[in-house]
>>> print(open('coords-v7.pdb').read())   # PDB, C-alpha atoms
ATOM      1  CA  VAL A   1      90.583  34.476  95.409
ATOM      2  CA  GLU A   2      88.879  31.800  93.311
ATOM      3  CA  ASP A   3      85.725  31.937  91.218
ATOM      4  CA  GLU A   4      85.079  28.177  91.163
ATOM      5  CA  ASP A   5      82.816  27.594  94.180
ATOM      6  CA  SER A   6      83.648  23.938  94.790
ATOM      7  CA  LEU A   7      87.411  24.506  94.734
ATOM      8  CA  ARG A   8      87.211  27.665  96.844
ATOM      9  CA  LYS A   9      85.095  25.872  99.456
ATOM     10  CA  ALA A  10      87.352  22.782  99.463
ATOM     11  CA  LEU A  11      90.426  24.954  99.992
ATOM     12  CA  ALA A  12      88.689  26.941 102.735
ATOM     13  CA  GLU A  13      87.611  23.773 104.562
ATOM     14  CA  LYS A  14      91.126  22.310 104.440
ATOM     15  CA  PHE A  15      92.778  25.509 105.651
ATOM     16  CA  LEU A  16      90.214  25.904 108.448
ATOM     17  CA  ALA A  17      90.897  22.313 109.517
ATOM     18  CA  GLU A  18      94.600  23.231 109.627
ATOM     19  CA  LYS A  19      93.736  26.153 111.971
ATOM     20  CA  PHE A  20      94.202  28.949 109.436
ATOM     21  CA  GLU A  21      91.922  31.971 109.323
ATOM     22  CA  VAL A  22      90.317  32.042 105.865
ATOM     23  CA  LEU A  23      88.828  34.860 103.795
ATOM     24  CA  GLU A  24      87.179  34.159 100.453
ATOM     25  CA  ALA A  25      86.655  36.256  97.333
ATOM     26  CA  VAL A  26      85.183  35.254  93.970
ATOM     27  CA  ASN A  27      86.993  37.706  91.678
ATOM     28  CA  GLY A  28      89.890  40.134  91.620
ATOM     29  CA  GLU A  29      87.797  43.167  92.493
ATOM     30  CA  ASP A  30      86.369  41.508  95.612
ATOM     31  CA  GLY A  31      89.839  40.195  96.404
ATOM     32  CA  LEU A  32      91.400  43.664  96.430
ATOM     33  CA  VAL A  33      88.656  44.990  98.714
ATOM     34  CA  SER A  34      89.045  42.043 101.097
ATOM     35  CA  ILE A  35      92.838  42.333 101.187
ATOM     36  CA  GLU A  36      92.696  46.060 101.955
ATOM     37  CA  LYS A  37      90.139  45.499 104.710
ATOM     38  CA  ASN A  38      91.680  42.397 106.311
ATOM     39  CA  SER A  39      95.470  42.467 105.661
ATOM     40  CA  PRO A  40      95.973  38.719 105.121
ATOM     41  CA  ASP A  41      99.345  37.039 105.584
ATOM     42  CA  LEU A  42      99.122  35.369 102.169
ATOM     43  CA  VAL A  43      96.835  35.264  99.114
ATOM     44  CA  LEU A  44      95.940  32.274  96.942
ATOM     45  CA  LEU A  45      94.977  33.688  93.557
ATOM     46  CA  ASP A  46      93.330  32.146  90.505
ATOM     47  CA  ILE A  47      94.209  33.691  87.142
ATOM     48  CA  ILE A  48      91.092  33.183  85.031
ATOM     49  CA  MET A  49      88.133  34.871  86.759
ATOM     50  CA  PRO A  50      85.245  37.155  85.826
ATOM     51  CA  ILE A  51      85.136  40.918  86.478
ATOM     52  CA  MET A  52      88.870  41.222  87.225
ATOM     53  CA  ASP A  53      91.287  38.425  86.347
ATOM     54  CA  GLY A  54      94.092  37.340  88.632
ATOM     55  CA  MET A  55      96.963  38.946  86.713
ATOM     56  CA  THR A  56      95.217  42.316  86.725
ATOM     57  CA  MET A  57      94.474  41.926  90.419
ATOM     58  CA  LEU A  58      98.090  41.002  91.190
ATOM     59  CA  LYS A  59      99.401  44.040  89.304
ATOM     60  CA  GLU A  60      96.891  46.334  91.034
ATOM     61  CA  LEU A  61      97.696  44.777  94.416
ATOM     62  CA  ARG A  62     101.407  45.480  93.979
ATOM     63  CA  LYS A  63     100.659  49.187  93.399
ATOM     64  CA  THR A  64      98.997  49.535  96.806
ATOM     65  CA  LYS A  65     100.484  50.250 100.199
ATOM     66  CA  PHE A  66      98.425  47.442 101.762
ATOM     67  CA  GLY A  67      99.311  44.813  99.170
ATOM     68  CA  LYS A  68     102.755  45.535  97.839
ATOM     69  CA  ASP A  69     104.432  42.962 100.099
ATOM     70  CA  VAL A  70     101.752  40.318 100.731
ATOM     71  CA  PRO A  71     102.889  36.925  99.378
ATOM     72  CA  VAL A  72     100.740  35.611  96.516
ATOM     73  CA  ILE A  73     100.596  32.026  95.293
ATOM     74  CA  ILE A  74      99.007  31.645  91.874
ATOM     75  CA  LEU A  75      96.618  28.732  91.328
ATOM     76  CA  THR A  76      95.989  28.199  87.634
ATOM     77  CA  ASN A  77      94.816  25.721  85.034
ATOM     78  CA  SER A  78      97.236  27.227  82.533
ATOM     79  CA  ASN A  79     100.719  25.846  82.191
ATOM     80  CA  ASN A  80     101.566  28.503  79.610
ATOM     81  CA  ASP A  81     105.163  29.516  80.321
ATOM     82  CA  ASP A  82     104.479  33.153  79.399
ATOM     83  CA  SER A  83     101.605  33.414  81.899
ATOM     84  CA  LEU A  84     103.643  31.784  84.630
ATOM     85  CA  SER A  85     106.654  33.997  83.917
ATOM     86  CA  GLU A  86     104.399  37.062  83.927
ATOM     87  CA  SER A  87     102.919  36.095  87.294
ATOM     88  CA  LEU A  88     106.363  35.716  88.852
ATOM     89  CA  ALA A  89     107.570  38.964  87.251
ATOM     90  CA  SER A  90     104.482  40.696  88.669
ATOM     91  CA  GLY A  91     105.411  39.667  92.174
ATOM     92  CA  ALA A  92     103.872  36.245  92.772
ATOM     93  CA  TYR A  93     105.770  34.119  95.288
ATOM     94  CA  ASP A  94     105.028  30.873  93.457
ATOM     95  CA  PHE A  95     102.455  29.152  91.289
ATOM     96  CA  LEU A  96     100.735  25.781  91.277
ATOM     97  CA  ILE A  97      99.046  24.275  88.236
ATOM     98  CA  LYS A  98      95.635  23.028  89.391
ATOM     99  CA  SER A  99      95.714  19.736  87.514
ATOM    100  CA  ASN A 100      99.047  18.837  89.126
ATOM    101  CA  TRP A 101      98.321  19.215  92.841
ATOM    102  CA  LYS A 102      96.287  17.982  95.745
ATOM    103  CA  ILE A 103      94.887  20.390  98.335
ATOM    104  CA  GLN A 104      97.413  19.233 100.951
ATOM    105  CA  GLU A 105     100.211  20.369  98.630
ATOM    106  CA  VAL A 106      98.708  23.865  98.590
ATOM    107  CA  VAL A 107      98.572  23.834 102.400
ATOM    108  CA  ASP A 108     102.197  22.668 102.537
ATOM    109  CA  LYS A 109     103.277  25.465 100.149
ATOM    110  CA  VAL A 110     101.481  28.052 102.305
ATOM    111  CA  LYS A 111     103.068  26.671 105.487
ATOM    112  CA  GLU A 112     106.474  26.755 103.791
ATOM    113  CA  ARG A 113     106.039  30.421 102.820
ATOM    114  CA  LEU A 114     104.676  31.479 106.193
ATOM    115  CA  GLY A 115     107.175  29.411 108.153
ATOM    116  CA  ALA A 116     104.305  27.635 109.911
TER     117      ALA A 116
END
>>> encode(input="coords-v7.pdb", output="structure tokens")
Amino acid sequence: VEDEDSLRKALAEKFLAEKFEVLEAVNGEDGLVSIEKNSPDLVLLDIIMPIMDGMTMLKELRKTKFGKDVPVIILTNSNNDDSLSESLASGAYDFLIKSNWKIQEVVDKVKERLGA
């Protein structure tokens, strides 16, 4: 769930090349609908997005039967300790600060979590 088109598409291309099935959403509202409909194994979630931000989406997701246990990795530009602590307290598996990673590192983190 990422509102920045170029990053979302780059992530999707890399995960498809690694033989993952990929679903895309541009905001938290669309993300919740997609997760309910498709039951993904893991969610990559941006924090700062229009319509519904990532923290709100994560909190709403955790209230649902379909999303209470799905692993979520936060992708953010913010390295604010409070935001990162809040994301982990809200049930995120992990977080990656966008300026500090390459796409392969995101793939590796997903593989680690899924045991792939």
>>> closest_residue(input="coords-v7.pdb", among="A:Gly115, A:Pro71, A:Gly31, A:Gly91", to="Ile51 (chain A)", atoms="all atoms listed in the file")
A:Gly31
>>> closest_residue(input="coords-v7.pdb", among="A:Ser6, A:Asn27, A:Ser85, A:Ser90", to="Gly54 (chain A)", atoms="all atoms listed in the file")
A:Asn27
>>> residues_around(input="coords-v7.pdb", residues="Asp94 (chain A)", least_positions_apart="3", cutoff="10 Å", atoms="all atoms listed in the file", output="PDB file with C-alpha atoms, keeping the file's coordinate frame")
ATOM      1  CA  LEU A  44      95.940  32.274  96.942  1.00  0.00           C
ATOM      2  CA  PRO A  71     102.889  36.925  99.378  1.00  0.00           C
ATOM      3  CA  VAL A  72     100.740  35.611  96.516  1.00  0.00           C
ATOM      4  CA  ILE A  73     100.596  32.026  95.293  1.00  0.00           C
ATOM      5  CA  ILE A  74      99.007  31.645  91.874  1.00  0.00           C
ATOM      6  CA  LEU A  75      96.618  28.732  91.328  1.00  0.00           C
ATOM      7  CA  LEU A  84     103.643  31.784  84.630  1.00  0.00           C
ATOM      8  CA  SER A  87     102.919  36.095  87.294  1.00  0.00           C
ATOM      9  CA  LEU A  88     106.363  35.716  88.852  1.00  0.00           C
ATOM     10  CA  GLY A  91     105.411  39.667  92.174  1.00  0.00           C
ATOM     11  CA  LYS A 109     103.277  25.465 100.149  1.00  0.00           C
ATOM     12  CA  VAL A 110     101.481  28.052 102.305  1.00  0.00           C
ATOM     13  CA  ARG A 113     106.039  30.421 102.820  1.00  0.00           C
TER      14      ARG A 113
END
>>> resolve_selection(input="coords-v7.pdb", expression="the PyMOL selection byres ((chain A and resi 8) around 12)", output="ChimeraX atom specification")
/A:1-7,9-15,22-27,44-46,75,103
>>> write_last_selection(input="coords-v7.pdb", atoms="C-alpha atoms", output="mmCIF file, in the frame of the given file")
data_model
loop_
_atom_site.group_PDB
_atom_site.id
_atom_site.type_symbol
_atom_site.label_atom_id
_atom_site.label_comp_id
_atom_site.auth_asym_id
_atom_site.auth_seq_id
_atom_site.Cartn_x
_atom_site.Cartn_y
_atom_site.Cartn_z
ATOM 1 C CA VAL A 1 90.583 34.476 95.409
ATOM 2 C CA GLU A 2 88.879 31.800 93.311
ATOM 3 C CA ASP A 3 85.725 31.937 91.218
ATOM 4 C CA GLU A 4 85.079 28.177 91.163
ATOM 5 C CA ASP A 5 82.816 27.594 94.180
ATOM 6 C CA SER A 6 83.648 23.938 94.790
ATOM 7 C CA LEU A 7 87.411 24.506 94.734
ATOM 8 C CA LYS A 9 85.095 25.872 99.456
ATOM 9 C CA ALA A 10 87.352 22.782 99.463
ATOM 10 C CA LEU A 11 90.426 24.954 99.992
ATOM 11 C CA ALA A 12 88.689 26.941 102.735
ATOM 12 C CA GLU A 13 87.611 23.773 104.562
ATOM 13 C CA LYS A 14 91.126 22.310 104.440
ATOM 14 C CA PHE A 15 92.778 25.509 105.651
ATOM 15 C CA VAL A 22 90.317 32.042 105.865
ATOM 16 C CA LEU A 23 88.828 34.860 103.795
ATOM 17 C CA GLU A 24 87.179 34.159 100.453
ATOM 18 C CA ALA A 25 86.655 36.256 97.333
ATOM 19 C CA VAL A 26 85.183 35.254 93.970
ATOM 20 C CA ASN A 27 86.993 37.706 91.678
ATOM 21 C CA LEU A 44 95.940 32.274 96.942
ATOM 22 C CA LEU A 45 94.977 33.688 93.557
ATOM 23 C CA ASP A 46 93.330 32.146 90.505
ATOM 24 C CA LEU A 75 96.618 28.732 91.328
ATOM 25 C CA ILE A 103 94.887 20.390 98.335
#
>>> atom_distance(input="coords-v7.pdb", atom1="CA of Leu114 (chain A)", atom2="CA of Asn38 (chain A)")
17.0 Å
>>> atom_distance(input="coords-v7.pdb", atom1="CA of Thr56 (chain A)", atom2="CA of Leu32 (chain A)")
10.5 Å
>>> axis_aligned_box(input="coords-v7.pdb", around="region 11-29 of chain A", padding_each_side="6 Å", output="lines of an AutoDock Vina configuration file")
center_x = 89.9
center_y = 32.7
center_z = 101.8
size_x = 21.4
size_y = 32.9
size_z = 32.4
>>> residues_near_point(input="coords-v7.pdb", point="(84.8, 40.6, 84.5)", cutoff="10 Å", atoms="only C-alpha atoms", output="list in words")
Asn27, Gly28, Glu29, Ile48, Met49, Pro50, Ile51, Met52 and Asp53 of chain A
>>> write_last_selection(input="coords-v7.pdb", atoms="C-alpha atoms", output="PDB file, keeping the file's coordinate frame")
ATOM      1  CA  ASN A  27      86.993  37.706  91.678  1.00  0.00           C
ATOM      2  CA  GLY A  28      89.890  40.134  91.620  1.00  0.00           C
ATOM      3  CA  GLU A  29      87.797  43.167  92.493  1.00  0.00           C
ATOM      4  CA  ILE A  48      91.092  33.183  85.031  1.00  0.00           C
ATOM      5  CA  MET A  49      88.133  34.871  86.759  1.00  0.00           C
ATOM      6  CA  PRO A  50      85.245  37.155  85.826  1.00  0.00           C
ATOM      7  CA  ILE A  51      85.136  40.918  86.478  1.00  0.00           C
ATOM      8  CA  MET A  52      88.870  41.222  87.225  1.00  0.00           C
ATOM      9  CA  ASP A  53      91.287  38.425  86.347  1.00  0.00           C
TER      10      ASP A  53
END
>>> resolve_selection(input="coords-v7.pdb", expression="the PyMOL selection byres ((chain A and resi 67) around 12)", output="NGL selection string")
:A and (31-43 or 57-66 or 68-72 or 91-92)
>>> atom_distance(input="coords-v7.pdb", atom1="CA of Met55 (chain A)", atom2="CA of Asp108 (chain A)")
23.3 Å
>>> residues_around(input="coords-v7.pdb", residues="Asn100 (chain A)", least_positions_apart="2", cutoff="12 Å", atoms="all atoms listed in the file", output="PDB file with C-alpha atoms, in the frame of the given file")
ATOM      1  CA  LEU A  75      96.618  28.732  91.328  1.00  0.00           C
ATOM      2  CA  THR A  76      95.989  28.199  87.634  1.00  0.00           C
ATOM      3  CA  ASN A  77      94.816  25.721  85.034  1.00  0.00           C
ATOM      4  CA  SER A  78      97.236  27.227  82.533  1.00  0.00           C
ATOM      5  CA  ASN A  79     100.719  25.846  82.191  1.00  0.00           C
ATOM      6  CA  PHE A  95     102.455  29.152  91.289  1.00  0.00           C
ATOM      7  CA  LEU A  96     100.735  25.781  91.277  1.00  0.00           C
ATOM      8  CA  ILE A  97      99.046  24.275  88.236  1.00  0.00           C
ATOM      9  CA  LYS A  98      95.635  23.028  89.391  1.00  0.00           C
ATOM     10  CA  LYS A 102      96.287  17.982  95.745  1.00  0.00           C
ATOM     11  CA  ILE A 103      94.887  20.390  98.335  1.00  0.00           C
ATOM     12  CA  GLN A 104      97.413  19.233 100.951  1.00  0.00           C
ATOM     13  CA  GLU A 105     100.211  20.369  98.630  1.00  0.00           C
ATOM     14  CA  VAL A 106      98.708  23.865  98.590  1.00  0.00           C
TER      15      VAL A 106
END
>>> decode(input="coords-v7.pdb", residues="region 11-50 of chain A", atoms="N, CA and C atoms", output="short mmCIF file (atom, residue, chain, number, x, y, z; two decimals), in the first residue's frame")
data_model
loop_
_atom_site.label_atom_id
_atom_site.label_comp_id
_atom_site.auth_asym_id
_atom_site.auth_seq_id
_atom_site.Cartn_x
_atom_site.Cartn_y
_atom_site.Cartn_z
N LEU A 11 8.60 -1.60 -6.67
CA LEU A 11 8.46 -2.71 -5.73
C LEU A 11 7.69 -3.87 -6.37
N ALA A 12 6.60 -3.56 -7.05
CA ALA A 12 5.80 -4.59 -7.70
C ALA A 12 6.63 -5.35 -8.73
N GLU A 13 7.37 -4.64 -9.55
CA GLU A 13 8.20 -5.30 -10.57
C GLU A 13 9.23 -6.23 -9.94
N LYS A 14 9.88 -5.78 -8.88
CA LYS A 14 10.90 -6.60 -8.22
C LYS A 14 10.27 -7.84 -7.59
N PHE A 15 9.14 -7.68 -6.92
CA PHE A 15 8.50 -8.84 -6.30
C PHE A 15 7.96 -9.81 -7.35
N LEU A 16 7.44 -9.30 -8.45
CA LEU A 16 6.99 -10.18 -9.54
C LEU A 16 8.17 -10.95 -10.12
N ALA A 17 9.30 -10.30 -10.28
CA ALA A 17 10.50 -10.96 -10.79
C ALA A 17 10.99 -12.05 -9.84
N GLU A 18 10.68 -11.89 -8.56
CA GLU A 18 11.06 -12.87 -7.54
C GLU A 18 9.96 -13.93 -7.35
N LYS A 19 8.98 -13.93 -8.25
CA LYS A 19 7.89 -14.92 -8.28
C LYS A 19 6.87 -14.77 -7.16
N PHE A 20 6.70 -13.56 -6.66
CA PHE A 20 5.64 -13.27 -5.70
C PHE A 20 4.39 -12.82 -6.45
N GLU A 21 3.23 -13.11 -5.89
CA GLU A 21 1.99 -12.53 -6.39
C GLU A 21 1.87 -11.15 -5.73
N VAL A 22 1.53 -10.14 -6.52
CA VAL A 22 1.52 -8.76 -6.02
C VAL A 22 0.15 -8.12 -6.21
N LEU A 23 -0.32 -7.46 -5.17
CA LEU A 23 -1.52 -6.63 -5.23
C LEU A 23 -1.08 -5.22 -4.87
N GLU A 24 -1.68 -4.23 -5.49
CA GLU A 24 -1.30 -2.84 -5.23
C GLU A 24 -2.51 -2.04 -4.77
N ALA A 25 -2.24 -1.10 -3.86
CA ALA A 25 -3.25 -0.13 -3.42
C ALA A 25 -2.55 1.20 -3.21
N VAL A 26 -3.29 2.30 -3.44
CA VAL A 26 -2.68 3.63 -3.38
C VAL A 26 -2.99 4.40 -2.10
N ASN A 27 -3.84 3.85 -1.25
CA ASN A 27 -4.12 4.50 0.04
C ASN A 27 -4.68 3.45 1.00
N GLY A 28 -4.81 3.84 2.25
CA GLY A 28 -5.26 2.91 3.27
C GLY A 28 -6.64 2.34 3.05
N GLU A 29 -7.54 3.16 2.55
CA GLU A 29 -8.91 2.70 2.28
C GLU A 29 -8.90 1.59 1.23
N ASP A 30 -8.21 1.84 0.11
CA ASP A 30 -8.10 0.82 -0.94
C ASP A 30 -7.37 -0.41 -0.43
N GLY A 31 -6.38 -0.18 0.43
CA GLY A 31 -5.62 -1.29 1.00
C GLY A 31 -6.49 -2.21 1.82
N LEU A 32 -7.34 -1.65 2.68
CA LEU A 32 -8.23 -2.48 3.50
C LEU A 32 -9.17 -3.31 2.64
N VAL A 33 -9.73 -2.69 1.60
CA VAL A 33 -10.64 -3.41 0.69
C VAL A 33 -9.89 -4.55 0.01
N SER A 34 -8.69 -4.28 -0.48
CA SER A 34 -7.91 -5.29 -1.18
C SER A 34 -7.51 -6.44 -0.25
N ILE A 35 -7.14 -6.11 0.97
CA ILE A 35 -6.74 -7.14 1.93
C ILE A 35 -7.93 -8.03 2.28
N GLU A 36 -9.09 -7.44 2.49
CA GLU A 36 -10.28 -8.24 2.80
C GLU A 36 -10.63 -9.17 1.64
N LYS A 37 -10.52 -8.66 0.44
CA LYS A 37 -10.90 -9.43 -0.75
C LYS A 37 -9.88 -10.52 -1.10
N ASN A 38 -8.60 -10.26 -0.87
CA ASN A 38 -7.55 -11.13 -1.39
C ASN A 38 -6.74 -11.91 -0.36
N SER A 39 -6.85 -11.60 0.91
CA SER A 39 -6.13 -12.30 1.99
C SER A 39 -4.64 -12.50 1.70
N PRO A 40 -3.88 -11.42 1.59
CA PRO A 40 -2.45 -11.56 1.29
C PRO A 40 -1.68 -12.17 2.46
N ASP A 41 -0.50 -12.70 2.15
CA ASP A 41 0.36 -13.29 3.18
C ASP A 41 1.11 -12.23 3.97
N LEU A 42 1.26 -11.04 3.38
CA LEU A 42 2.02 -9.96 4.01
C LEU A 42 1.63 -8.65 3.35
N VAL A 43 1.74 -7.55 4.10
CA VAL A 43 1.43 -6.22 3.57
C VAL A 43 2.63 -5.30 3.77
N LEU A 44 3.02 -4.61 2.70
CA LEU A 44 3.98 -3.51 2.79
C LEU A 44 3.14 -2.24 2.86
N LEU A 45 3.40 -1.40 3.85
CA LEU A 45 2.51 -0.27 4.12
C LEU A 45 3.27 1.03 4.34
N ASP A 46 2.97 2.01 3.50
CA ASP A 46 3.49 3.37 3.68
C ASP A 46 2.69 4.03 4.80
N ILE A 47 3.28 5.01 5.45
CA ILE A 47 2.60 5.72 6.53
C ILE A 47 1.87 6.96 6.02
N ILE A 48 2.58 7.79 5.27
CA ILE A 48 2.01 9.07 4.83
C ILE A 48 1.35 8.89 3.47
N MET A 49 0.00 8.87 3.47
CA MET A 49 -0.78 8.68 2.25
C MET A 49 -2.05 9.50 2.33
N PRO A 50 -2.65 9.80 1.19
CA PRO A 50 -3.93 10.52 1.19
C PRO A 50 -5.09 9.59 1.57
#
